[in-house]
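Engineer: Got a structure for you, work-v6.txt, holding compact mmCIF, C-alpha atoms and all ligand atoms.
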# COMPACT_ATOMS: atom_id res chain seq x y z
CA MET A 5 122.58 118.38 112.60
CA LYS A 6 119.33 119.79 113.97
CA TYR A 7 119.00 121.28 117.44
CA PHE A 8 116.89 121.53 120.59
CA THR A 9 116.64 125.06 121.97
CA LEU A 10 117.44 125.49 125.67
CA ASN A 11 115.48 127.85 127.94
CA ASN A 12 118.15 130.54 127.46
CA ASN A 13 117.80 130.21 123.65
CA VAL A 14 121.12 128.40 123.20
CA GLN A 15 120.90 125.63 120.59
CA ILE A 16 122.05 122.12 121.50
CA PRO A 17 122.42 119.21 119.04
CA LEU A 18 119.74 116.46 119.14
CA ILE A 19 122.22 113.70 120.07
CA GLY A 20 125.63 113.64 121.75
CA TYR A 21 128.75 111.50 121.90
CA GLY A 22 129.17 110.05 125.40
CA THR A 23 132.61 109.33 126.87
CA TRP A 24 131.90 107.68 130.25
CA GLN A 25 134.34 104.72 130.48
CA SER A 26 136.35 105.97 127.48
CA PRO A 27 140.04 105.75 128.40
CA ASP A 28 142.42 108.71 128.66
CA ASP A 29 144.39 107.67 125.59
CA GLN A 30 144.45 107.57 121.80
CA THR A 31 141.28 105.42 121.68
CA THR A 32 139.25 108.40 122.86
CA VAL A 33 141.09 110.86 120.62
CA GLU A 34 140.28 108.66 117.61
CA GLY A 35 136.71 108.05 118.80
CA ILE A 36 136.01 111.77 118.94
CA LYS A 37 137.59 112.47 115.57
CA TYR A 38 135.55 109.69 114.02
CA ALA A 39 132.35 110.84 115.77
CA VAL A 40 132.81 114.39 114.46
CA SER A 41 133.37 113.04 110.94
CA CYS A 42 130.04 111.16 111.27
CA GLY A 43 128.21 114.38 112.21
CA TYR A 44 128.23 114.42 116.04
CA ARG A 45 128.66 117.95 117.33
CA LEU A 46 127.96 117.45 121.05
CA ILE A 47 130.71 115.80 123.12
CA ASP A 48 129.90 114.89 126.73
CA THR A 49 132.61 114.33 129.34
CA ALA A 50 133.13 114.88 133.08
CA ALA A 51 136.07 115.48 135.39
CA ILE A 52 135.52 112.11 137.09
CA TYR A 53 135.80 110.25 133.78
CA GLY A 54 139.51 111.07 133.92
CA ASN A 55 139.68 111.51 130.15
CA GLU A 56 139.36 115.27 129.64
CA VAL A 57 142.92 115.59 128.26
CA SER A 58 142.22 113.00 125.54
CA VAL A 59 138.77 114.46 124.87
CA GLY A 60 140.45 117.85 124.41
CA ARG A 61 142.98 116.38 122.00
CA GLY A 62 140.19 114.76 120.00
CA ILE A 63 138.41 118.11 119.81
CA ALA A 64 141.58 119.93 118.75
CA GLU A 65 142.33 117.33 116.07
CA SER A 66 138.75 117.01 114.82
CA GLY A 67 139.23 119.65 112.15
CA ILE A 68 135.97 121.37 113.10
CA SER A 69 136.00 124.91 114.40
CA ARG A 70 135.31 125.26 118.11
CA ASN A 71 132.09 127.22 117.67
CA GLU A 72 130.51 124.37 115.71
CA LEU A 73 131.03 121.98 118.61
CA PHE A 74 129.03 121.76 121.83
CA ILE A 75 131.23 120.63 124.73
CA THR A 76 129.82 119.50 128.08
CA SER A 77 131.62 118.66 131.32
CA LYS A 78 130.58 118.16 134.95
CA VAL A 79 131.83 119.10 138.41
CA TRP A 80 132.49 116.02 140.55
CA ASN A 81 131.01 115.39 144.01
CA SER A 82 134.25 116.03 145.90
CA GLU A 83 134.29 119.57 144.49
CA ARG A 84 130.83 120.65 145.63
CA GLY A 85 130.24 124.14 147.00
CA TYR A 86 131.04 127.63 145.74
CA GLU A 87 134.86 127.87 145.96
CA LYS A 88 135.61 124.30 144.92
CA THR A 89 133.26 124.42 141.95
CA LEU A 90 135.00 127.55 140.65
CA ALA A 91 138.39 125.82 140.93
CA ALA A 92 137.09 122.58 139.38
CA PHE A 93 135.83 124.52 136.38
CA GLU A 94 139.28 126.04 135.77
CA LYS A 95 140.93 122.60 135.99
CA THR A 96 138.42 121.10 133.54
CA LEU A 97 138.93 123.93 131.04
CA SER A 98 142.69 123.60 131.28
CA ASP A 99 142.58 119.78 130.89
CA LEU A 100 140.32 120.12 127.86
CA GLY A 101 142.53 122.89 126.45
CA LEU A 102 139.49 125.14 125.93
CA ASP A 103 138.64 128.70 126.86
CA TYR A 104 134.89 128.20 127.38
CA LEU A 105 132.39 125.37 127.82
CA ASP A 106 129.01 125.08 126.14
CA LEU A 107 127.46 123.29 129.10
CA TYR A 108 128.63 122.63 132.65
CA LEU A 109 126.66 120.38 135.01
CA ILE A 110 126.63 119.53 138.72
CA HIS A 111 127.30 115.78 138.38
CA TRP A 112 125.22 114.49 141.35
CA PRO A 113 123.15 116.34 143.94
CA ALA A 114 124.23 116.44 147.55
CA SER A 115 121.30 114.69 149.19
CA ALA A 116 119.70 114.29 152.60
CA HIS A 117 120.98 110.84 153.51
CA ARG A 118 124.58 112.12 153.60
CA PHE A 119 124.34 115.85 154.30
CA GLU A 120 122.15 117.72 156.73
CA ASN A 121 122.80 120.93 154.76
CA TRP A 122 122.45 119.25 151.33
CA ASP A 123 120.34 122.04 149.86
CA GLU A 124 122.83 124.70 150.96
CA ILE A 125 125.70 122.71 149.38
CA ASN A 126 123.87 122.44 146.06
CA LEU A 127 123.05 126.15 146.17
CA GLY A 128 126.74 126.93 146.77
CA SER A 129 127.74 124.95 143.67
CA TRP A 130 124.93 126.61 141.76
CA LYS A 131 126.08 130.10 142.76
CA ALA A 132 129.49 129.32 141.20
CA MET A 133 127.88 127.95 138.04
CA THR A 134 125.69 131.05 137.80
CA GLU A 135 128.66 133.41 138.13
CA LEU A 136 130.63 131.55 135.46
CA TYR A 137 127.59 131.63 133.20
CA LYS A 138 127.04 135.35 133.72
CA ALA A 139 130.72 136.00 133.04
CA GLY A 140 130.34 134.29 129.65
CA ARG A 141 132.65 131.37 130.48
CA ILE A 142 129.87 128.79 129.95
CA ARG A 143 127.00 129.09 127.46
CA ALA A 144 124.52 127.00 129.49
CA ILE A 145 124.45 125.46 132.97
CA GLY A 146 122.57 122.61 134.52
CA VAL A 147 122.55 119.55 136.70
CA SER A 148 122.74 115.78 136.45
CA ASN A 149 120.92 113.09 138.43
CA PHE A 150 118.75 115.68 140.19
CA ARG A 151 115.20 114.79 141.21
CA SER A 152 112.49 117.43 141.56
CA HIS A 153 113.16 117.87 145.31
CA HIS A 154 116.83 118.62 144.55
CA LEU A 155 115.90 121.03 141.77
CA LYS A 156 113.29 123.07 143.63
CA SER A 157 115.50 125.59 145.42
CA LEU A 158 117.70 126.07 142.33
CA MET A 159 114.56 127.07 140.45
CA GLU A 160 114.10 129.98 142.83
CA THR A 161 117.53 131.50 142.12
CA GLU A 162 118.42 134.12 139.55
CA ILE A 163 119.25 131.61 136.77
CA MET A 164 117.36 128.34 136.49
CA PRO A 165 119.02 125.17 135.14
CA MET A 166 118.81 124.61 131.39
CA VAL A 167 119.55 120.86 131.43
CA ASN A 168 119.13 117.82 133.69
CA GLN A 169 121.13 114.77 132.58
CA ILE A 170 119.70 111.54 134.03
CA GLU A 171 119.89 107.80 133.43
CA PHE A 172 117.30 107.09 130.74
CA HIS A 173 116.69 103.93 128.71
CA PRO A 174 113.91 101.37 128.19
CA GLY A 175 112.79 100.15 131.60
CA LEU A 176 113.78 103.40 133.31
CA LEU A 177 111.50 106.27 132.31
CA GLN A 178 112.02 108.39 135.46
CA SER A 179 108.58 109.87 134.77
CA GLU A 180 108.36 112.11 137.83
CA THR A 181 111.70 113.81 137.05
CA VAL A 182 111.06 114.04 133.31
CA GLU A 183 107.60 115.55 133.88
CA TYR A 184 108.96 118.10 136.34
CA CYS A 185 111.68 119.12 133.86
CA ARG A 186 109.20 119.38 131.01
CA GLU A 187 106.89 121.62 133.06
CA ASN A 188 109.83 123.85 133.92
CA ASN A 189 111.37 123.96 130.46
CA ILE A 190 114.52 122.06 131.45
CA LEU A 191 115.90 119.82 128.69
CA VAL A 192 116.46 116.21 129.78
CA GLU A 193 119.55 114.40 128.51
CA GLY A 194 119.82 110.62 128.87
CA TRP A 195 122.99 108.92 130.09
CA SER A 196 123.51 105.20 129.40
CA PRO A 197 120.72 105.19 126.78
CA LEU A 198 121.77 101.60 125.97
CA GLY A 199 121.88 100.67 129.66
CA THR A 200 125.68 100.49 129.20
CA GLY A 201 124.95 97.74 126.67
CA ARG A 202 122.47 95.83 128.85
CA MET A 203 119.52 96.74 126.59
CA LEU A 204 120.95 94.94 123.60
CA GLN A 205 120.02 91.37 124.57
CA ASN A 206 116.36 92.08 125.41
CA SER A 207 114.16 89.78 123.31
CA GLU A 208 111.27 92.24 123.02
CA LEU A 209 113.59 95.02 121.82
CA ILE A 210 115.26 92.60 119.39
CA GLN A 211 111.85 91.77 117.93
CA ILE A 212 110.82 95.44 117.58
CA ALA A 213 114.19 96.33 116.03
CA GLY A 214 113.71 93.57 113.45
CA ASN A 215 110.38 95.06 112.38
CA TYR A 216 112.08 98.39 111.60
CA LYS A 217 115.23 96.77 110.15
CA LYS A 218 117.23 98.70 112.74
CA SER A 219 119.56 97.62 115.55
CA VAL A 220 118.40 97.48 119.17
CA ALA A 221 120.79 100.36 119.89
CA GLN A 222 119.07 102.50 117.25
CA ILE A 223 115.64 101.61 118.68
CA CYS A 224 116.74 102.65 122.18
CA LEU A 225 118.19 105.94 120.93
CA ARG A 226 115.21 106.77 118.72
CA TRP A 227 112.83 105.91 121.59
CA CYS A 228 114.79 108.30 123.79
CA PHE A 229 114.62 111.06 121.17
CA GLN A 230 110.86 110.54 120.65
CA HIS A 231 110.48 111.20 124.38
CA ASP A 232 112.25 114.55 123.79
CA VAL A 233 115.22 113.25 125.73
CA LEU A 234 118.65 113.93 124.21
CA PRO A 235 120.55 110.61 124.07
CA LEU A 236 124.28 110.39 124.88
CA PRO A 237 125.44 106.96 123.63
CA LYS A 238 129.04 106.01 124.37
CA SER A 239 131.10 103.98 121.92
CA VAL A 240 134.72 103.81 120.85
CA THR A 241 133.92 101.42 117.96
CA PRO A 242 133.69 103.14 114.56
CA GLU A 243 130.76 101.15 113.13
CA ARG A 244 128.76 101.63 116.35
CA ILE A 245 129.56 105.35 116.48
CA ARG A 246 128.10 105.71 112.99
CA GLU A 247 125.15 103.42 113.71
CA ASN A 248 124.21 105.37 116.83
CA ILE A 249 123.77 108.68 115.02
CA SER A 250 121.71 107.11 112.22
CA ILE A 251 118.36 107.45 113.96
CA PHE A 252 116.76 110.35 112.12
CA ASP A 253 115.45 108.46 109.08
CA PHE A 254 112.66 106.47 110.76
CA GLU A 255 109.98 106.79 113.41
CA ILE A 256 108.79 104.30 116.05
CA ASN A 257 105.00 104.11 115.90
CA SER A 258 102.94 104.92 118.99
CA GLU A 259 102.01 101.29 119.64
CA ASP A 260 105.68 100.26 119.75
CA MET A 261 106.56 103.33 121.84
CA LYS A 262 103.99 102.14 124.41
CA ARG A 263 105.33 98.59 124.23
CA ILE A 264 108.84 99.86 124.99
CA ASP A 265 107.52 102.21 127.70
CA SER A 266 105.93 99.28 129.49
CA LEU A 267 109.10 97.13 129.71
CA ALA A 268 110.10 96.31 133.28
CA ASN A 269 113.34 97.75 134.65
CA PHE A 270 115.77 95.07 133.47
CA GLY A 271 119.01 96.97 132.86
CA GLY A 272 119.26 99.95 135.18
CA SER A 273 122.51 100.87 136.90
CA GLY A 274 120.72 100.80 140.27
CA LEU A 275 122.31 104.16 141.14
CA ASP A 276 119.74 106.13 143.13
CA PRO A 277 120.60 109.83 143.59
CA ASP A 278 119.05 109.75 147.07
CA GLU A 279 121.07 106.71 148.14
CA VAL A 280 124.48 106.76 146.43
CA ASN A 281 127.50 106.91 148.69
CA PHE A 282 129.81 108.92 146.48
P1 LIG B 301 132.09 100.23 122.83
O1 LIG B 301 132.41 101.57 123.41
O2 LIG B 301 133.16 99.22 123.13
O3 LIG B 301 131.72 100.27 121.38
P2 LIG B 301 125.79 103.41 127.05
O4 LIG B 301 125.90 104.49 126.05
O5 LIG B 301 124.38 103.01 127.38
O6 LIG B 301 126.59 103.69 128.32
O7 LIG B 301 126.44 102.07 126.42
C1 LIG B 301 127.80 101.99 126.14
C2 LIG B 301 128.23 100.55 125.93
O8 LIG B 301 127.50 99.99 124.82
C3 LIG B 301 129.67 100.42 125.59
O9 LIG B 301 130.13 99.21 126.15
C4 LIG B 301 129.70 100.37 124.06
O10 LIG B 301 130.81 99.62 123.62
C5 LIG B 301 128.42 99.65 123.76
N1 LIG B 301 127.76 100.13 122.52
C6 LIG B 301 127.61 101.39 122.11
N2 LIG B 301 126.93 101.46 120.95
C7 LIG B 301 126.66 100.19 120.60
C8 LIG B 301 126.01 99.61 119.49
N3 LIG B 301 125.49 100.35 118.52
N4 LIG B 301 125.91 98.24 119.44
C9 LIG B 301 126.43 97.48 120.44
N5 LIG B 301 127.05 97.99 121.52
C10 LIG B 301 127.17 99.33 121.60
Show this structure as structure tokens.
Ligand code: A2P
Structural biologist:
Amino acid sequence: MKYFTLNNNVQIPLIGYGTWQSPDDQTTVEGIKYAVSCGYRLIDTAAIYGNEVSVGRGIAESGISRNELFITSKVWNSERGYEKTLAAFEKTLSDLGLDYLDLYLIHWPASAHRFENWDEINLGSWKAMTELYKAGRIRAIGVSNFRSHHLKSLMETEIMPMVNQIEFHPGLLQSETVEYCRENNILVEGWSPLGTGRMLQNSELIQIAGNYKKSVAQICLRWCFQHDVLPLPKSVTPERIRENISIFDFEINSEDMKRIDSLANFGGSGLDPDEVNF
């Protein structure tokens, strides 16, 4: 597995194993064990996914030493602010059965349509993340679903975010956010890189995939990677888990990259960080 290097020099694998909508049971334990056997080293979960105990069991049973794995989790919206974020981190670590995290993210920004003091709330969460990072409990810290206006005041603190995890797939390039992150040396990770499966029926993507003798899923993930965005595909199906990591033996040419870039938004979740009510 090759790596991206974060702005604090920590190395992060080029692709990760997503677990959103993976159940808190043996399915997820087996999925993680299989993913690790296929070469995945980054496992992405979150407190709100409700599966951290099973993710932790999968990690423990994977047969790979902890320091070869890169484990990410996220603090949920109900736990925003300094004190609650510190407590949420301890609960996540205990559920996962780990003694440190590789990456911890603020799951969604507090934003102006719900909170007058949204910036202050985000800064409170960030202060907790920063302290945990400086204490060596987390190797890298970041955010998820933040736009540039949410990120700005965090950039002026002692430690700037290393990662922003956003929804990213054909039809949803989020150019303004991606450009801002690139300029500020923040790695972008893509959640739902297959549009939670909605990409797979698109006729244009099916045609392009045929030309490369690859699946539509592989085209979406490779397209993501060629945009320097780290894809986090979720699957609990062995053949798909293997298929999704097999994207490093071909390249999408620039003409096809542009063709995919120009697809209309046909499979987005519709979740807007400035509008969501959770
Ligand atoms: P499953 O977990 O049952 O295998 P995303 O990562 O965009 O959220 O997409 C996840 C969804 O896409 C899940 O429903 C997953 O199903 C399905 N999926 C993941 N990889 C593939 C693949 N290679 N081919 C078809 N469907 C896939």
Engineer: Could you please extract the residues within 7 Å of ligand LIG 301 (chain B), counting only C-alpha atoms and all ligand atoms, and hand them back as a ChimeraX atom specification?
Structural biologist: /A:22,24,195-201,204,221-222,236-241,244-245,247-248
Engineer: Restricting the calculation to only C-alpha atoms, which member of A:Met133, A:Cys185, A:Ile125, A:Ile212 is positioned closest to A:Glu94?
Structural biologist: A:Met133
Engineer: Report, in Å with one decimal, the straight-line distance from atom CA of A:Thr96 to atom CA of A:Cys42.
Structural biologist: 25.8 Å
Engineer: Pick from A:Arg61, A:Lys138, A:Arg263, A:His231: nearest to A:Glu183, with all atoms listed in the file counted?
Structural biologist: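 Smallest distance to A:Glu183 is found for A:His231.
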Engineer: Could you jot down the atom CA of A:Tyr108 to atom CA of A:Ile223 separation for me, Å, one decimal place?
Structural biologist: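 Separation of atom CA of A:Tyr108 and atom CA of A:Ile223: 28.4 Å.
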Engineer: So how many Å separate atom CA of A:Ser129 and atom CA of A:Arg84, to one decimal?
Structural biologist: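 Answer for the atom CA of A:Ser129 to atom CA of A:Arg84 separation: 5.6 Å.
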Engineer: Neighbours of A:Ile251 within 10 Å (only C-alpha atoms; same-chain residues fewer than 5 positions away dropped), as a ChimeraX atom specification?
Structural biologist: /A:19,218,221-227,229,246
Engineer: With distances taken over all atoms listed in the file, which of A:Trp122, A:Tyr53, A:Phe74, A:Tyr137 is nearest to A:Phe93?
Structural biologist: A:Tyr137
Engineer: Smallest atom-to-atom distance to A:Glu187: which of A:Ile145, A:Met159, A:Ile75, A:Ile110, using all atoms listed in the file?
Structural biologist: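 Using all atoms listed in the file, the shortest distance to A:Glu187 belongs to A:Met159.
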Engineer: Leaving out A:Leu102 and any residue of its chain fewer than 2 positions from it, which residues lie within 10 Å of it when counting only C-alpha atoms, given as a PyMOL selection string?
Structural biologist: chain A and resi 60+63-64+70+75+94+96-100+104-105
Engineer: Name the closest residue to A:Leu177 among the candidates A:Asp48, A:Glu87, A:Asp232, A:Asp103; distances are taken between atoms, counting all atoms listed in the file.
Structural biologist: A:Asp232
